[in-house]
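So this block is query13.cif, mmCIF, C-alpha atoms:
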```cif
data_model
loop_
_atom_site.label_atom_id
_atom_site.label_comp_id
_atom_site.auth_asym_id
_atom_site.auth_seq_id
_atom_site.Cartn_x
_atom_site.Cartn_y
_atom_site.Cartn_z
CA MET F 1 -4.96 20.33 -2.27
CA GLU F 2 -3.45 18.75 0.82
CA ARG F 3 0.21 17.79 0.58
CA ILE F 4 2.69 15.72 2.58
CA PRO F 5 5.30 18.15 3.97
CA ILE F 6 8.93 17.75 2.88
CA LEU F 7 11.65 19.03 5.24
CA LYS F 8 15.19 19.92 4.22
CA LEU F 9 18.01 19.00 6.55
CA GLY F 10 21.45 19.83 5.14
CA SER F 11 21.69 18.00 1.83
CA PHE F 12 18.87 15.61 2.70
CA LEU F 13 15.11 15.72 2.36
CA LEU F 14 12.97 14.23 5.11
CA VAL F 15 9.41 13.03 4.75
CA THR F 16 7.28 11.61 7.54
CA ILE F 17 4.04 10.16 6.23
CA GLN F 18 1.54 10.57 9.03
CA VAL F 19 -1.79 10.32 7.26
CA ASP F 20 -3.62 7.48 5.56
CA MET F 21 -2.84 8.58 1.99
CA HIS F 22 -5.28 8.30 -0.86
CA ASP F 23 -3.69 7.54 -4.22
CA GLN F 24 -3.64 11.12 -5.53
CA LEU F 25 -1.81 12.29 -2.41
CA ALA F 26 0.80 9.56 -2.90
CA LEU F 27 1.31 10.63 -6.52
CA ALA F 28 1.61 14.27 -5.46
CA LEU F 29 4.33 13.32 -2.97
CA GLN F 30 6.19 11.51 -5.73
CA ASP F 31 6.09 14.64 -7.93
CA ASP F 32 6.93 17.04 -5.10
CA LEU F 33 9.95 15.00 -4.01
CA THR F 34 11.32 14.79 -7.53
CA ASP F 35 10.97 18.58 -7.81
CA ARG F 36 12.60 19.25 -4.48
CA ILE F 37 15.57 16.93 -5.14
CA VAL F 38 16.48 19.14 -8.08
CA ARG F 39 15.56 22.48 -6.50
CA ASP F 40 17.35 21.79 -3.20
CA ARG F 41 20.20 19.82 -4.80
CA ALA F 42 19.46 17.06 -2.35
CA ARG F 43 21.77 14.05 -2.15
CA GLY F 44 19.47 11.89 -0.09
CA VAL F 45 15.80 11.29 0.70
CA LEU F 46 14.61 9.73 3.93
CA ILE F 47 11.00 8.53 4.08
CA ASP F 48 9.64 7.59 7.49
CA ILE F 49 6.65 5.24 7.22
CA SER F 50 6.46 4.26 10.90
CA ALA F 51 3.00 5.82 11.19
CA LEU F 52 1.60 3.77 8.29
CA ASP F 53 -0.38 0.72 9.39
CA VAL F 54 -1.01 -0.31 5.78
CA VAL F 55 1.27 -0.26 2.73
CA ASP F 56 -0.54 -1.69 -0.26
CA SER F 57 0.76 -2.31 -3.79
CA PHE F 58 0.04 1.29 -4.81
CA ILE F 59 2.08 2.81 -1.98
CA GLY F 60 4.76 0.16 -2.59
CA ARG F 61 4.95 1.20 -6.22
CA MET F 62 5.15 4.87 -5.23
CA LEU F 63 8.10 4.16 -2.92
CA GLY F 64 9.82 2.28 -5.74
CA ASN F 65 9.19 5.12 -8.18
CA ILE F 66 10.59 7.69 -5.77
CA ALA F 67 13.74 5.61 -5.23
CA THR F 68 14.22 5.17 -8.98
CA MET F 69 13.63 8.84 -9.83
CA ALA F 70 15.91 9.94 -6.98
CA ARG F 71 18.67 7.64 -8.22
CA ILE F 72 18.43 9.09 -11.71
CA LEU F 73 18.74 12.54 -10.13
CA ASP F 74 21.81 11.40 -8.15
CA ALA F 75 20.15 11.05 -4.77
CA GLU F 76 19.82 8.04 -2.47
CA THR F 77 16.50 7.02 -0.91
CA VAL F 78 16.10 5.23 2.41
CA VAL F 79 12.72 4.07 3.70
CA VAL F 80 12.64 3.73 7.48
CA GLY F 81 10.36 2.56 10.24
CA MET F 82 8.35 -0.14 8.49
CA ARG F 83 6.18 -2.01 10.97
CA PRO F 84 6.73 -5.79 11.18
CA SER F 85 3.08 -6.50 10.28
CA VAL F 86 3.45 -4.32 7.17
CA ALA F 87 6.63 -6.16 6.13
CA ILE F 88 4.92 -9.56 6.50
CA THR F 89 1.89 -8.38 4.52
CA LEU F 90 3.98 -6.88 1.71
CA VAL F 91 5.84 -10.16 1.21
CA GLU F 92 2.57 -12.12 0.99
CA LEU F 93 1.12 -9.51 -1.31
CA GLY F 94 4.11 -10.02 -3.59
CA VAL F 95 5.66 -6.55 -3.25
CA SER F 96 9.40 -6.97 -2.77
CA LEU F 97 10.40 -3.28 -2.77
CA GLN F 98 13.37 -4.17 -4.92
CA GLY F 99 15.93 -1.42 -5.26
CA ILE F 100 14.73 0.37 -2.13
CA ARG F 101 17.14 0.76 0.77
CA THR F 102 15.56 0.37 4.18
CA ALA F 103 16.59 1.01 7.77
CA LEU F 104 14.88 0.25 11.04
CA ASN F 105 14.61 3.85 12.23
CA VAL F 106 15.41 7.46 11.35
CA ASP F 107 18.82 7.39 13.09
CA ARG F 108 20.02 4.38 11.14
CA GLY F 109 18.55 5.77 7.94
CA MET F 110 20.45 9.03 8.38
CA ASP F 111 23.65 7.03 9.03
CA LEU F 112 23.09 5.17 5.74
CA LEU F 113 22.59 8.40 3.80
CA ARG F 114 25.65 10.05 5.37
CA ALA F 115 27.77 6.96 4.71
CA GLY F 116 26.61 7.02 1.08
CA ILE F 117 27.69 10.63 0.62
CA ASP F 118 31.01 10.14 2.41
CA GLY F 119 31.72 7.11 0.23
CA GLU F 120 31.07 9.11 -2.93
CA ILE F 121 33.29 11.99 -1.82
CA GLY F 122 36.05 9.45 -1.26
CA ILE F 123 35.65 8.15 -4.83
CA ASP F 124 35.55 11.68 -6.27
CA ASP F 125 38.78 12.55 -4.47
CA SER F 126 40.60 9.56 -5.85
CA GLN F 127 39.42 10.34 -9.38
CA GLU F 128 40.62 13.91 -9.12
CA GLY F 129 43.98 12.96 -7.60
CA MET N 1 -24.82 -15.53 10.31
CA THR N 2 -24.14 -11.82 9.98
CA LEU N 3 -23.64 -10.06 13.30
CA LYS N 4 -22.94 -6.61 11.94
CA LYS N 5 -23.10 -5.06 8.51
CA VAL N 6 -21.75 -1.78 7.14
CA GLU N 7 -22.36 -0.68 3.57
CA MET N 8 -20.17 1.95 1.96
CA ARG N 9 -20.06 3.67 -1.39
CA LEU N 10 -16.90 3.61 -3.49
CA GLY N 11 -17.06 6.64 -5.75
CA ALA N 12 -13.84 8.54 -5.03
CA GLN N 13 -10.30 7.94 -3.80
CA ALA N 14 -11.20 9.18 -0.31
CA ASP N 15 -13.76 6.35 -0.13
CA VAL N 16 -10.93 3.79 -0.46
CA VAL N 17 -9.32 5.34 2.63
CA ALA N 18 -12.68 5.25 4.44
CA VAL N 19 -13.16 1.55 3.59
CA ARG N 20 -9.66 0.77 4.90
CA GLN N 21 -10.42 2.55 8.15
CA ALA N 22 -13.83 0.91 8.58
CA ALA N 23 -12.33 -2.54 7.87
CA ARG N 24 -9.63 -1.83 10.44
CA SER N 25 -12.11 -0.91 13.14
CA LEU N 26 -14.21 -4.07 12.53
CA ALA N 27 -11.04 -6.20 12.54
CA VAL N 28 -10.13 -4.69 15.91
CA GLU N 29 -13.68 -5.27 17.14
CA ILE N 30 -13.53 -9.04 16.55
CA GLY N 31 -10.06 -9.23 18.04
CA LEU N 32 -7.95 -10.08 14.98
CA SER N 33 -4.21 -9.92 15.69
CA ILE N 34 -2.20 -6.96 14.37
CA ILE N 35 -0.84 -9.08 11.53
CA GLU N 36 -4.28 -10.40 10.59
CA GLN N 37 -5.69 -6.87 10.75
CA THR N 38 -2.95 -5.60 8.46
CA LYS N 39 -3.52 -8.40 5.96
CA ILE N 40 -7.29 -7.95 5.67
CA VAL N 41 -7.05 -4.15 5.56
CA THR N 42 -4.37 -4.33 2.85
CA ALA N 43 -6.55 -6.75 0.85
CA ALA N 44 -9.48 -4.35 1.34
CA SER N 45 -7.38 -1.52 -0.05
CA GLU N 46 -6.43 -3.48 -3.18
CA LEU N 47 -10.01 -4.59 -3.87
CA ALA N 48 -11.56 -1.19 -3.13
CA ARG N 49 -9.14 0.38 -5.60
CA ASN N 50 -10.09 -2.24 -8.21
CA THR N 51 -13.78 -1.44 -7.74
CA LEU N 52 -13.10 2.27 -8.13
CA VAL N 53 -10.55 2.22 -10.95
CA HIS N 54 -11.60 -0.81 -13.02
CA GLY N 55 -15.26 -1.06 -12.06
CA GLY N 56 -15.96 2.66 -12.29
CA GLY N 57 -17.10 2.75 -8.67
CA GLY N 58 -19.46 0.59 -6.67
CA THR N 59 -20.05 -0.55 -3.13
CA ALA N 60 -18.18 -2.19 -0.28
CA THR N 61 -20.09 -4.29 2.26
CA LEU N 62 -18.25 -5.02 5.49
CA GLU N 63 -19.65 -7.76 7.71
CA ILE N 64 -18.78 -9.47 10.94
CA VAL N 65 -19.84 -13.06 10.29
CA ARG N 66 -20.19 -16.06 12.52
CA GLU N 67 -20.12 -19.69 11.51
CA ALA N 68 -20.00 -21.26 14.96
CA PRO N 69 -17.59 -21.59 16.54
CA LYS N 70 -15.56 -19.25 14.37
CA GLN N 71 -15.98 -15.55 13.76
CA GLY N 72 -14.54 -13.48 10.97
CA LEU N 73 -14.60 -10.40 8.83
CA ARG N 74 -16.16 -10.60 5.36
CA LEU N 75 -15.67 -7.84 2.81
CA THR N 76 -17.63 -7.75 -0.44
CA PHE N 77 -16.85 -5.40 -3.30
CA GLU N 78 -19.34 -4.96 -6.09
CA ASP N 79 -19.40 -2.88 -9.23
CA HIS N 80 -21.40 -2.68 -12.44
CA GLY N 81 -18.40 -1.95 -14.61
CA PRO N 82 -17.05 -3.76 -17.68
CA GLY N 83 -16.38 -7.03 -15.82
CA ILE N 84 -13.35 -9.28 -16.15
CA PRO N 85 -13.31 -11.38 -19.32
CA ASP N 86 -10.63 -13.83 -18.14
CA ILE N 87 -10.62 -14.19 -14.35
CA GLU N 88 -7.91 -16.83 -14.30
CA ARG N 89 -5.57 -14.49 -16.13
CA ALA N 90 -6.59 -11.52 -13.98
CA MET N 91 -5.67 -13.51 -10.87
CA GLN N 92 -2.09 -13.97 -12.04
CA ASP N 93 0.61 -11.77 -10.58
CA GLY N 94 1.85 -9.21 -13.06
CA TYR N 95 -1.40 -9.07 -15.00
CA SER N 96 -2.80 -5.57 -15.01
CA SER N 97 -5.18 -3.66 -17.16
CA GLY N 98 -4.45 -0.46 -15.26
CA GLN N 99 -1.35 1.27 -14.02
CA GLY N 100 -0.74 -0.87 -10.95
CA LEU N 101 1.69 -3.65 -10.23
CA GLY N 102 -0.86 -6.25 -11.24
CA LEU N 103 -0.86 -7.72 -7.76
CA GLY N 104 -4.31 -6.63 -6.69
CA LEU N 105 -6.49 -9.72 -7.12
CA GLY N 106 -3.90 -12.44 -6.61
CA GLY N 107 -2.33 -10.51 -3.74
CA ALA N 108 -5.68 -9.96 -2.03
CA LYS N 109 -6.42 -13.68 -2.31
CA ARG N 110 -3.17 -14.57 -0.55
CA LEU N 111 -4.03 -12.21 2.31
CA CYS N 112 -7.35 -13.77 3.33
CA SER N 113 -8.78 -17.15 4.35
CA GLU N 114 -11.52 -17.34 1.72
CA PHE N 115 -11.78 -15.66 -1.66
CA PHE N 116 -14.73 -15.64 -4.00
CA ILE N 117 -15.06 -13.81 -7.31
CA ILE N 118 -17.80 -13.64 -9.87
CA SER N 119 -17.69 -11.45 -12.92
CA GLN N 120 -19.70 -11.09 -16.07
CA PRO N 121 -18.39 -9.07 -18.99
CA GLY N 122 -20.58 -6.02 -19.43
CA ALA N 123 -22.43 -6.58 -16.15
CA GLY N 124 -19.91 -6.16 -13.37
CA THR N 125 -17.79 -7.88 -10.78
CA ARG N 126 -18.28 -9.05 -7.21
CA VAL N 127 -15.36 -10.07 -5.04
CA SER N 128 -15.85 -11.37 -1.53
CA ILE N 129 -13.08 -12.13 0.95
CA THR N 130 -13.23 -13.49 4.49
CA ARG N 131 -10.62 -13.57 7.19
CA TRP N 132 -11.48 -15.95 10.03
CA LYS N 133 -10.16 -15.25 13.44
CA VAL N 134 -7.57 -17.80 14.43
CA GLU N 135 -8.52 -18.89 17.94
CA GLY N 136 -5.83 -18.38 20.47
CA ALA N 137 -3.97 -15.94 18.23
#
```

For this file, produce the structure as structure tokens.
Amino acid sequence: MERIPILKLGSFLLVTIQVDMHDQLALALQDDLTDRIVRDRARGVLIDISALDVVDSFIGRMLGNIATMARILDAETVVVGMRPSVAITLVELGVSLQGIRTALNVDRGMDLLRAGIDGEIGIDDSQEG
Amino acid sequence: MTLKKVEMRLGAQADVVAVRQAARSLAVEIGLSIIEQTKIVTAASELARNTLVHGGGGTATLEIVREAPKQGLRLTFEDHGPGIPDIERAMQDGYSSGQGLGLGLGGAKRLCSEFFIISQPGAGTRVSITRWKVEGA
């Protein structure tokens, strides 16, 4: 079965969705990412959706599920690159993507993930000291 | 008046993707703006999924329609599935008989200019949406 590739970069996982996903493919990505977070001990997941010209309620739900599962597994999720027309449509559709962190592009998304990890290390240090 | 008509089968998940892509290309053909394209294609995706998942499959009919002086894209989804016993309730956000967010019908209605639904329990459901091109947009 076809799969969306997941790349590992340091302690982060990167996904660029470049195909018009059918629902089963979206569910497979959700499962694969959850697996890889644990296997690769990832601290962050960055999902680039700049190539998607449509995000419907199913894909919206998948993004929410990934963010929730990642959080439970101690990883942050950032969704980047949403097109303005997609954002407008999602709001009218009624999908608010609550609990999902977003950034305008990959660079800013990576900054967010790094800042998240640095912040946590700071807290850990103070607890140990 | 129908200027162009495309009929497609909805029997598998890949067909939902195909309907999205066909709707997109017709939306481009009549010159809908990017935002209007995105709205009608997203609505098409929600309704095509409904036909497949809740209706057990069916058909999608994509039409370029003209009611002078306006032109638009009309999408009709039809199945012979179990039907919707309470349409008013099914239109409400949060109502879902499946595993979705329950935004399909109500959400699709908000994304188009005209929305028409007819359903008979035991006989099937037909949903038709139209997005008119906003002149000058």

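The result of the PyMOL selection byres ((chain F) within 9 of (chain N)) on the shown file is Asp20, Met21, His22, Asp23, Gln24, Asp53, Val54, Val55, Asp56, Ser57, Phe58, Arg61, Pro84, Ser85, Val86, Ile88, Thr89, Leu90, Glu92, Leu93, Gly94 and Val95 of chain F.
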
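Counting all atoms listed in the file, the residue from N:Arg9, N:Lys4, N:Arg74, N:His54 that sits nearest to N:Ala90 is N:His54.
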
Q: Tell me which protein, DNA and RNA residues are within 6 Å of F:Ala103, counting all atoms listed in the file, leaving out same-chain ones fewer than 3 positions away, and put them as a ChimeraX atom specification.
A: /F:80,108-109

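Closest approach to F:Arg43 from the set F:Ile6, F:Ile59, F:Ala75, F:Val91 is made by F:Ala75, with distances taken over only C-alpha atoms.
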
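In this comparison, which uses only C-alpha atoms, the residue of F:Ile47, F:Met110, F:Ala67, F:Met82 approaching F:Val15 most closely is F:Ile47.
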
**Q.** Evaluate the PyMOL selection byres ((chain F and resi 11) around 12) and report residues as a ChimeraX atom specification
**A.** /F:7-10,12-14,36-46,74-76,110,113-114,117

Q: Spell out the residues picked by the PyMOL selection byres ((chain F and resi 31) around 12) here, as a count of residues only.
A: 23

Q: Find the residues around stretch 85-88 of chain N up to 12 Å (all atoms listed in the file counted), leave out those fewer than 3 positions away in its own chain, and share them as a VMD selection string.
A: chain N and resid 81 to 82 91 to 93 95 to 97 105 to 106 116 to 127

Export of prior selection with C-alpha atoms as a short mmCIF file (atom, residue, chain, number, x, y, z; two decimals), keeping the file's coordinate frame:
```cif
data_model
loop_
_atom_site.label_atom_id
_atom_site.label_comp_id
_atom_site.auth_asym_id
_atom_site.auth_seq_id
_atom_site.Cartn_x
_atom_site.Cartn_y
_atom_site.Cartn_z
CA GLY N 81 -18.40 -1.95 -14.61
CA PRO N 82 -17.05 -3.76 -17.68
CA MET N 91 -5.67 -13.51 -10.87
CA GLN N 92 -2.09 -13.97 -12.04
CA ASP N 93 0.61 -11.77 -10.58
CA TYR N 95 -1.40 -9.07 -15.00
CA SER N 96 -2.80 -5.57 -15.01
CA SER N 97 -5.18 -3.66 -17.16
CA LEU N 105 -6.49 -9.72 -7.12
CA GLY N 106 -3.90 -12.44 -6.61
CA PHE N 116 -14.73 -15.64 -4.00
CA ILE N 117 -15.06 -13.81 -7.31
CA ILE N 118 -17.80 -13.64 -9.87
CA SER N 119 -17.69 -11.45 -12.92
CA GLN N 120 -19.70 -11.09 -16.07
CA PRO N 121 -18.39 -9.07 -18.99
CA GLY N 122 -20.58 -6.02 -19.43
CA ALA N 123 -22.43 -6.58 -16.15
CA GLY N 124 -19.91 -6.16 -13.37
CA THR N 125 -17.79 -7.88 -10.78
CA ARG N 126 -18.28 -9.05 -7.21
CA VAL N 127 -15.36 -10.07 -5.04
#
```

(Q) To one decimal place in Å, what is the distance between atom CA of N:Trp132 and atom CA of N:Gln71? (A) 5.9 Å

Q: Compare N:Gly55, N:Arg131, N:Asn50, N:Ile30 by their minimum atom-to-atom distance to N:Leu3, counting all atoms listed in the file, and give me the closest one.
A: N:Ile30

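Atom pair atom CA of N:Ala68 / atom CA of N:Lys133 has a distance of 11.6 Å (rounded to one decimal).
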
Q: Rounded to one decimal place, report the atom CA of F:Ala51-atom CA of F:Asp111 distance in Å.
A: 20.8 Å
